[in-house]
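Trainee: I am sharing target-v2.txt, which consists of compact mmCIF, C-alpha atoms:
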# COMPACT_ATOMS: atom_id res chain seq x y z
CA MET W 94 80.09 128.84 97.95
CA LYS W 95 82.17 130.50 95.20
CA ILE W 96 84.58 128.27 93.32
CA ALA W 97 87.60 130.44 94.18
CA ASP W 98 86.88 130.11 97.90
CA LEU W 99 86.50 126.35 97.60
CA ILE W 100 89.77 126.03 95.65
CA ASN W 101 91.60 128.01 98.31
CA ILE W 102 90.21 125.85 101.13
CA VAL W 103 91.03 122.51 99.47
CA ASP W 104 94.45 123.66 98.25
CA THR W 105 95.40 124.77 101.76
CA PHE W 106 94.05 121.55 103.24
CA ASN W 107 96.15 119.41 100.88
CA ALA W 108 99.29 121.41 101.52
CA ASN W 109 98.83 121.05 105.29
CA THR W 110 97.87 117.36 105.16
CA PHE W 111 100.62 115.81 103.06
CA PRO W 112 103.46 116.71 105.43
CA GLY W 113 101.38 114.97 108.10
CA ILE W 114 101.62 111.57 106.38
CA LEU W 115 105.23 111.90 105.20
CA PRO W 116 108.46 112.97 106.83
CA LYS W 117 109.36 116.29 105.23
CA SER W 118 112.63 114.87 103.87
CA GLN W 119 110.68 112.37 101.77
CA VAL W 120 108.29 114.77 100.04
CA SER W 121 109.49 115.42 96.49
CA LEU W 122 106.40 117.29 95.29
CA VAL W 123 103.98 119.41 97.28
CA ALA W 124 102.95 122.24 94.98
CA SER W 125 100.15 124.76 95.24
CA MET W 126 97.16 123.86 93.05
CA ASN W 127 98.35 120.25 92.98
CA SER W 128 96.91 117.30 94.84
CA LYS W 129 99.73 114.79 94.38
CA VAL W 130 102.79 113.71 96.35
CA VAL W 131 105.41 111.42 94.82
CA ILE W 132 108.10 109.60 96.78
CA SER W 133 110.80 107.24 95.56
CA SER W 134 110.47 103.50 95.93
CA GLY W 135 111.14 102.12 99.39
CA MET W 136 110.56 105.46 101.14
CA LEU W 137 106.86 105.08 101.94
CA PRO W 138 106.46 105.25 105.73
CA ILE W 139 105.23 102.06 107.36
CA ARG W 140 103.86 101.93 110.89
CA HIS W 141 103.55 98.91 113.14
CA CYS W 142 104.69 96.17 110.79
CA PHE W 143 102.95 92.86 111.36
CA CYS W 144 104.18 89.31 111.02
CA GLY W 145 102.28 86.25 109.91
CA GLN W 146 100.35 85.75 106.69
CA THR W 147 96.99 86.69 105.18
CA GLY W 148 94.92 84.65 102.77
CA LYS W 149 96.55 86.15 99.67
CA GLY W 150 100.09 85.78 100.93
CA TYR W 151 100.76 89.23 102.43
CA THR W 152 103.34 88.64 105.17
CA SER W 153 104.22 92.17 106.32
CA SER W 154 103.52 95.84 105.75
CA LYS W 155 106.48 95.99 103.38
CA CYS W 156 104.87 93.18 101.39
CA PHE W 157 101.76 95.35 100.94
CA VAL W 158 103.91 98.26 99.77
CA ASP W 159 105.88 96.13 97.32
CA LYS W 160 102.81 94.44 95.84
CA CYS W 161 100.12 97.11 96.05
CA LEU W 162 101.58 100.60 96.46
CA THR W 163 104.66 100.60 94.22
CA LEU W 164 104.05 102.14 90.80
CA ASP W 165 106.24 101.70 87.74
CA ASP W 166 107.41 104.73 85.79
CA PRO W 167 106.29 104.10 82.18
CA ARG W 168 109.09 106.32 80.90
CA ASN W 169 111.77 104.58 82.94
CA PRO W 170 111.16 100.88 83.66
CA ALA W 171 113.92 100.86 86.26
CA SER W 172 112.26 103.64 88.26
CA LYS W 173 109.56 102.93 90.82
CA CYS W 174 107.72 105.19 93.23
CA SER W 175 104.61 105.64 95.38
CA VAL W 176 101.97 108.31 94.78
CA ALA W 177 99.55 109.83 97.29
CA VAL W 178 96.57 111.96 96.24
CA GLY W 179 94.65 114.35 98.48
CA ALA W 180 91.28 116.01 97.94
CA VAL W 181 90.34 116.86 94.34
CA ILE W 182 87.68 119.31 93.11
CA ASP W 183 85.62 118.13 90.16
CA ASN W 184 86.05 120.54 87.28
CA GLN W 185 83.06 122.34 85.84
CA ILE W 186 82.30 125.54 83.97
CA VAL W 187 80.84 128.02 86.42
CA ALA W 188 80.91 131.82 86.69
CA PRO W 189 83.39 132.98 89.37
CA GLU W 190 80.70 134.78 91.39
CA THR W 191 78.21 131.91 91.28
CA ARG W 192 77.42 130.41 94.68
CA LEU W 193 76.65 126.70 94.61
CA PRO W 194 76.06 124.00 97.25
CA VAL W 195 79.03 121.74 97.98
CA ILE W 196 79.04 117.93 98.06
CA LEU W 197 81.91 115.97 99.60
CA ALA W 198 82.19 112.44 98.16
CA VAL W 199 84.39 110.13 100.23
CA GLY W 200 85.69 106.82 98.88
CA ILE W 201 88.45 104.37 99.74
CA ASN W 202 91.25 105.63 97.46
CA TYR W 203 91.83 107.52 94.25
CA GLY W 204 91.28 104.55 91.96
CA GLN W 205 93.11 103.62 88.83
CA GLN W 206 91.34 105.18 85.85
CA SER W 207 93.24 102.90 83.50
CA LYS W 208 96.06 100.38 83.69
CA HIS W 209 97.89 102.74 81.36
CA PHE W 210 97.24 105.96 83.27
CA ASP W 211 100.58 107.55 84.10
CA TYR W 212 100.23 108.63 87.73
CA VAL W 213 103.98 109.01 88.02
CA ASN W 214 104.49 111.64 85.31
CA GLN W 215 100.98 112.90 84.60
CA ASN W 216 99.89 115.62 86.96
CA VAL W 217 96.96 115.03 89.30
CA PRO W 218 95.74 118.62 89.59
CA LEU W 219 93.66 120.11 92.33
CA VAL W 220 90.79 120.65 89.86
CA ALA W 221 90.24 117.62 87.63
CA SER W 222 87.56 115.47 86.08
CA THR W 223 86.38 112.89 88.61
CA GLY W 224 83.71 111.25 86.45
CA MET W 225 81.41 111.08 89.48
CA ARG W 226 78.65 113.52 88.62
CA TYR W 227 76.42 111.28 86.52
CA ARG W 228 76.38 108.39 88.98
CA LEU W 229 75.94 110.79 91.89
CA GLN W 230 72.84 112.26 90.27
CA ARG W 231 71.55 108.72 89.75
CA ILE W 232 71.82 108.20 93.50
CA PHE W 233 69.75 111.31 94.22
CA HIS W 234 67.20 110.12 91.68
CA ARG W 235 66.99 106.69 93.34
CA LEU W 236 66.53 108.23 96.78
CA ARG W 237 63.73 110.45 95.54
CA LYS W 238 61.99 107.44 94.01
CA LYS W 239 62.04 105.84 97.45
CA GLN W 240 60.58 109.00 99.02
CA CYS W 241 63.75 109.69 101.00
CA PRO W 242 63.57 113.32 102.13
CA ALA W 243 66.85 114.70 100.85
CA LYS W 244 67.72 118.33 100.20
CA ALA W 245 68.19 117.48 96.55
CA GLU W 246 66.27 120.34 95.00
CA ALA W 247 69.40 122.49 94.96
CA LEU W 248 71.31 119.71 93.21
CA ASP W 249 69.10 119.42 90.15
CA ASN W 250 70.95 122.24 88.42
CA ASP W 251 74.57 122.34 89.57
CA PHE W 252 76.83 121.93 92.56
CA HIS W 253 80.47 121.90 93.57
CA LEU W 254 81.89 118.41 94.09
CA VAL W 255 84.95 117.57 96.19
CA ALA W 256 86.36 114.03 96.12
CA ALA W 257 88.45 112.68 99.00
CA ASN W 258 89.41 109.26 100.29
CA PHE W 259 90.17 107.46 103.53
CA PHE W 260 93.33 105.91 102.06
CA PRO W 261 95.74 108.35 100.36
CA TRP W 262 97.95 106.03 98.32
CA ILE W 263 97.35 104.96 94.73
CA THR W 264 97.34 101.19 94.37
CA SER W 265 99.08 99.61 91.39
CA GLU W 266 95.78 97.95 90.47
CA ALA W 267 92.23 99.09 91.16
CA TRP W 268 91.32 98.55 94.83
CA SER W 269 88.46 96.22 93.88
CA ASP W 270 90.77 94.06 91.75
CA TYR W 271 92.75 93.01 94.83
CA ASP W 272 89.65 91.50 96.44
CA PHE W 273 91.05 92.25 99.90
CA ASN W 274 89.38 90.48 102.78
CA SER W 275 88.52 92.63 105.82
CA LEU W 276 91.72 91.70 107.63
CA GLU W 277 93.88 92.66 104.65
CA GLN W 278 92.09 95.98 104.17
CA SER W 279 92.47 96.78 107.84
CA ALA W 280 96.18 95.94 107.87
CA LEU W 281 96.95 97.95 104.74
CA ILE W 282 95.03 101.03 105.87
CA HIS W 283 96.46 100.88 109.38
CA CYS W 284 100.08 100.30 108.37
CA CYS W 285 100.37 102.69 105.42
CA GLY W 286 97.50 105.21 105.56
CA HIS W 287 96.58 108.26 107.59
CA ALA W 288 97.20 108.07 111.32
CA CYS W 289 93.44 108.55 111.72
CA PRO W 290 91.43 108.27 108.47
CA GLU W 291 88.24 109.56 110.13
CA GLU W 292 89.92 112.69 111.47
CA TYR W 293 91.32 113.39 108.00
CA ILE W 294 87.79 113.57 106.59
CA VAL W 295 86.35 115.38 109.62
CA ASP W 296 89.07 118.01 109.26
CA LEU W 297 88.31 118.57 105.56
CA ALA W 298 84.54 118.59 106.10
CA SER W 299 84.81 121.09 108.94
CA ARG W 300 86.42 123.63 106.58
CA ILE W 301 83.64 123.51 103.97
CA PRO W 302 79.99 124.61 104.34
CA LEU W 303 78.66 121.25 103.17
CA HIS W 304 75.28 120.54 101.68
CA THR W 305 75.75 116.76 101.39
CA LEU W 306 78.31 114.24 102.59
CA ILE W 307 78.32 110.94 100.71
CA PHE W 308 80.32 107.83 101.55
CA HIS W 309 80.56 105.62 98.45
CA GLY W 310 81.73 102.02 98.26
CA ALA W 311 79.52 99.14 99.37
CA ASN W 312 82.11 96.37 99.61
CA ASN W 313 85.11 97.88 101.34
CA ALA W 314 86.08 99.75 104.51
CA VAL W 315 84.28 102.97 103.54
CA GLN W 316 81.16 102.08 105.53
CA PHE W 317 83.11 101.45 108.74
CA PHE W 318 85.09 104.67 108.51
CA GLY W 319 82.05 106.62 107.32
CA GLY W 320 80.05 105.43 110.29
CA SER W 321 82.88 106.50 112.57
CA VAL W 322 82.87 109.99 111.01
CA VAL W 323 79.12 110.23 111.66
CA ARG W 324 79.59 109.10 115.26
CA LYS W 325 82.09 111.91 115.72
CA CYS W 326 79.07 114.24 115.51
CA PHE W 327 79.74 115.59 112.05
CA GLU W 328 77.66 118.67 111.32
CA LYS W 329 77.98 121.96 109.45
CA GLN W 330 79.71 124.77 111.25
CA ASP W 331 76.61 126.95 111.12
CA GLY W 332 74.56 124.25 112.85
CA ALA W 333 72.36 123.39 109.88
CA GLU W 334 71.76 119.76 109.00
CA VAL W 335 73.90 118.01 106.43
CA ASP W 336 72.50 115.18 104.32
CA VAL W 337 74.57 112.03 104.90
CA ILE W 338 74.32 109.28 102.28
CA PHE W 339 75.92 105.85 101.93
CA SER W 340 75.98 104.32 98.46
CA ASP W 341 77.66 102.08 95.95
CA ASN W 342 80.92 103.26 94.46
CA ILE W 343 80.25 106.28 92.25
CA ASP W 344 83.56 106.24 90.39
CA ASP W 345 83.67 102.57 89.39
CA SER W 346 83.24 102.40 85.63
CA LYS W 347 82.59 98.66 85.88
CA ARG W 348 79.36 99.24 87.79
CA LYS W 349 76.52 100.05 85.41
CA ARG W 350 73.83 100.66 88.03
CA VAL W 351 73.57 101.97 91.55
CA TRP W 352 71.85 99.37 93.70
CA ASN W 353 72.60 100.59 97.21
CA ALA W 354 71.72 104.11 98.30
CA ILE W 355 70.57 105.06 101.80
CA LYS W 356 70.24 108.38 103.58
CA LEU W 357 70.64 108.74 107.33
CA CYS W 358 67.62 110.35 108.94
CA ASN W 359 68.01 113.66 110.77
CA CYS W 360 71.78 113.48 110.69
CA LYS W 361 72.48 116.29 113.12
CA GLN W 362 70.03 115.14 115.77
CA ARG W 363 70.91 111.47 115.37
CA THR W 364 74.66 111.98 115.67
CA GLN W 365 74.24 114.19 118.71
CA ALA W 366 72.08 111.53 120.33
CA LEU W 367 74.65 108.85 119.52
CA CYS W 368 77.40 110.82 121.18
CA ALA W 369 75.27 111.20 124.28
CA GLU W 370 73.97 107.62 124.23
CA PRO W 371 76.28 105.33 122.23
CA SER W 372 73.91 102.38 122.58
CA LYS W 373 71.37 103.96 120.26
CA ALA W 374 71.40 102.78 116.65
CA LEU W 375 71.30 104.92 113.55
CA LEU W 376 67.85 104.93 112.00
CA ILE W 377 67.76 104.59 108.22
CA ARG W 378 64.73 105.52 106.20
For the file at hand, write its structure as structure tokens.

Mentor:
Amino acid sequence: MKIADLINIVDTFNANTFPGILPKSQVSLVASMNSKVVISSGMLPIRHCFCGQTGKGYTSSKCFVDKCLTLDDPRNPASKCSVAVGAVIDNQIVAPETRLPVILAVGINYGQQSKHFDYVNQNVPLVASTGMRYRLQRIFHRLRKKQCPAKAEALDNDFHLVAANFFPWITSEAWSDYDFNSLEQSALIHCCGHACPEEYIVDLASRIPLHTLIFHGANNAVQFFGGSVVRKCFEKQDGAEVDVIFSDNIDDSKRKRVWNAIKLCNCKQRTQALCAEPSKALLIR
């Protein structure tokens, strides 16, 4: 795929998706060639508030928003807001007419690059540095060492990389720093995220002629949602197989090595069989 075509697809997808998670009156920024939406504090939509208490003291959906999803404006300490980020294309130098395979890397959320990164005032462009390429290539290398048959030969030189996430909102700290238990993750994603996180990814993936789909994050909800995407019979529009990989987080700078990397066998045939016979299990090489 040519880079211009990919940019057009992802830009259109972002523009169509953001109004779907926010009432139009609350969107203060939805610009072409931009992947960010900013809303003022207290305006983030919350669905199905819960009562009770979790292990870390979260007592309601509003409590999650106040503690996890409210960002301070470094230029104005009195100003607070929430920031959502859609799909982002990893920047690279490539000739406009060059056709390259496309990888879609799906994580939990667009993580904090630094405690001092200004998400409020600094633009999150549609094409930006994701920092994922090196660790992603390490995953392909590890799979090849384990004799996993992956279509990696086309990835040895170059490829387009699109990053997207099941949860759209930036957290005030890195997701891993919260150490959410499964109940807390589920409540936060359900109350404040996409109406259907799997459909969000399926919709994006269906627009792109994918070579590889990778779900990264071994200790959060990525595996559950990724498995659900696979069970929805994900496949390329032209009917060709798509490599589906689950791995450790590929954008976590704290992780020095990739320990977990598995590839689903015969993705297209397996997912079709699962839809026909849900009792069958995915086979992993």

Trainee: With all atoms listed in the file as the atoms that count, which of W:Phe252, W:Phe339, W:Gly224, W:Asn312 lies nearest to Asn274 (chain W)?

Mentor: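 Once distances to Asn274 (chain W) are computed over all atoms listed in the file, the minimum belongs to W:Asn312.
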
Trainee: Between CA of Asn127 (chain W) and CA of Ile263 (chain W), measure the distance and give it in Å to one decimal.

Mentor: 15.4 Å

Trainee: Which distance in Å separates CA of Asn109 (chain W) and CA of Tyr203 (chain W), to one decimal?

Mentor: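 These two atoms are separated by 18.8 Å.
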
Trainee: Neighbouring residues of region 162-173 of chain W were defined as those with any atom within 8 Å, considering only C-alpha atoms; residues of the same chain fewer than 3 positions away were excluded. Please report them as a PyMOL selection string.

Mentor: chain W and resi 133-134+157-159+176+211+213-214+262-265

Trainee: At a cut-off of 6 Å, using all atoms listed in the file, what residues contact region 278-284 of chain W? Leave out same-chain residues fewer than 2 positions from it and give the result as a ChimeraX atom specification.

Mentor: /W:139-140,273,275-276,286

Trainee: Counting all atoms listed in the file, which residue out of W:Phe233, W:Tyr227, W:Met94, W:Cys285 sits closest to Pro302 (chain W)?

Mentor: W:Met94

Trainee: In Å, with one decimal, what is the gap from CA of Ala180 (chain W) to CA of Asp251 (chain W)?

Mentor: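 Those two atoms sit 19.7 Å apart.
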
Trainee: Rank nothing, just name the residue among W:Cys174, W:Ile201, W:Val220, W:Ile307 nearest to Phe260 (chain W), using all atoms listed in the file.

Mentor: W:Ile201

Trainee: List the spatial neighbours of Gln316 (chain W) as a ChimeraX atom specification - criterion: any atom at most 10 Å away, all atoms listed in the file, same-chain residues fewer than 6 positions off excluded.

Mentor: /W:200-201,308-310,322,339-340

Trainee: Around region 165-175 of chain W, fit a box with edges along x, y and z, padding it by 3 Å on each side, then list its centre and edge lengths in Å to one decimal as AutoDock Vina command-line options.

Mentor:
--center_x 109.3 --center_y 103.6 --center_z 88.1 --size_x 15.3 --size_y 11.5 --size_z 20.5

Trainee: Could you list, as a list in words, every residue within 12 Å of Thr191 (chain W), counting all atoms listed in the file and ignoring same-chain residues fewer than 4 positions away?

Mentor: Met94, Lys95, Ile96, Ala97, Asp98, Leu99, Ile186, Val187, Asp251, Phe252 and His253 of chain W

Trainee: May I ask which of the residues W:Arg192, W:His304, W:Lys149, W:Arg324 is the closest one to Glu292 (chain W), counting all atoms listed in the file?

Mentor: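 Among W:Arg192, W:His304, W:Lys149, W:Arg324, it is W:Arg324 that comes nearest to Glu292 (chain W).
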
Trainee: Please provide as a PyMOL selection string all residues within 8 Å of Phe143 (chain W), with the sequence filter that same-chain residues fewer than 6 positions apart are discarded (counting only C-alpha atoms).

Mentor: chain W and resi 152-154

Trainee: Restricting the calculation to only C-alpha atoms: of W:Leu254, W:Val217, W:Cys156, W:Leu229, which residue gets closest to Asp341 (chain W)?

Mentor: W:Leu229

Trainee: Taking all atoms listed in the file into account, which of W:Asp272, W:Glu291, W:Asp183, W:Glu190 comes nearest Ala256 (chain W)?

Mentor: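 Ranked by minimum distance to Ala256 (chain W), first place goes to W:Asp183.
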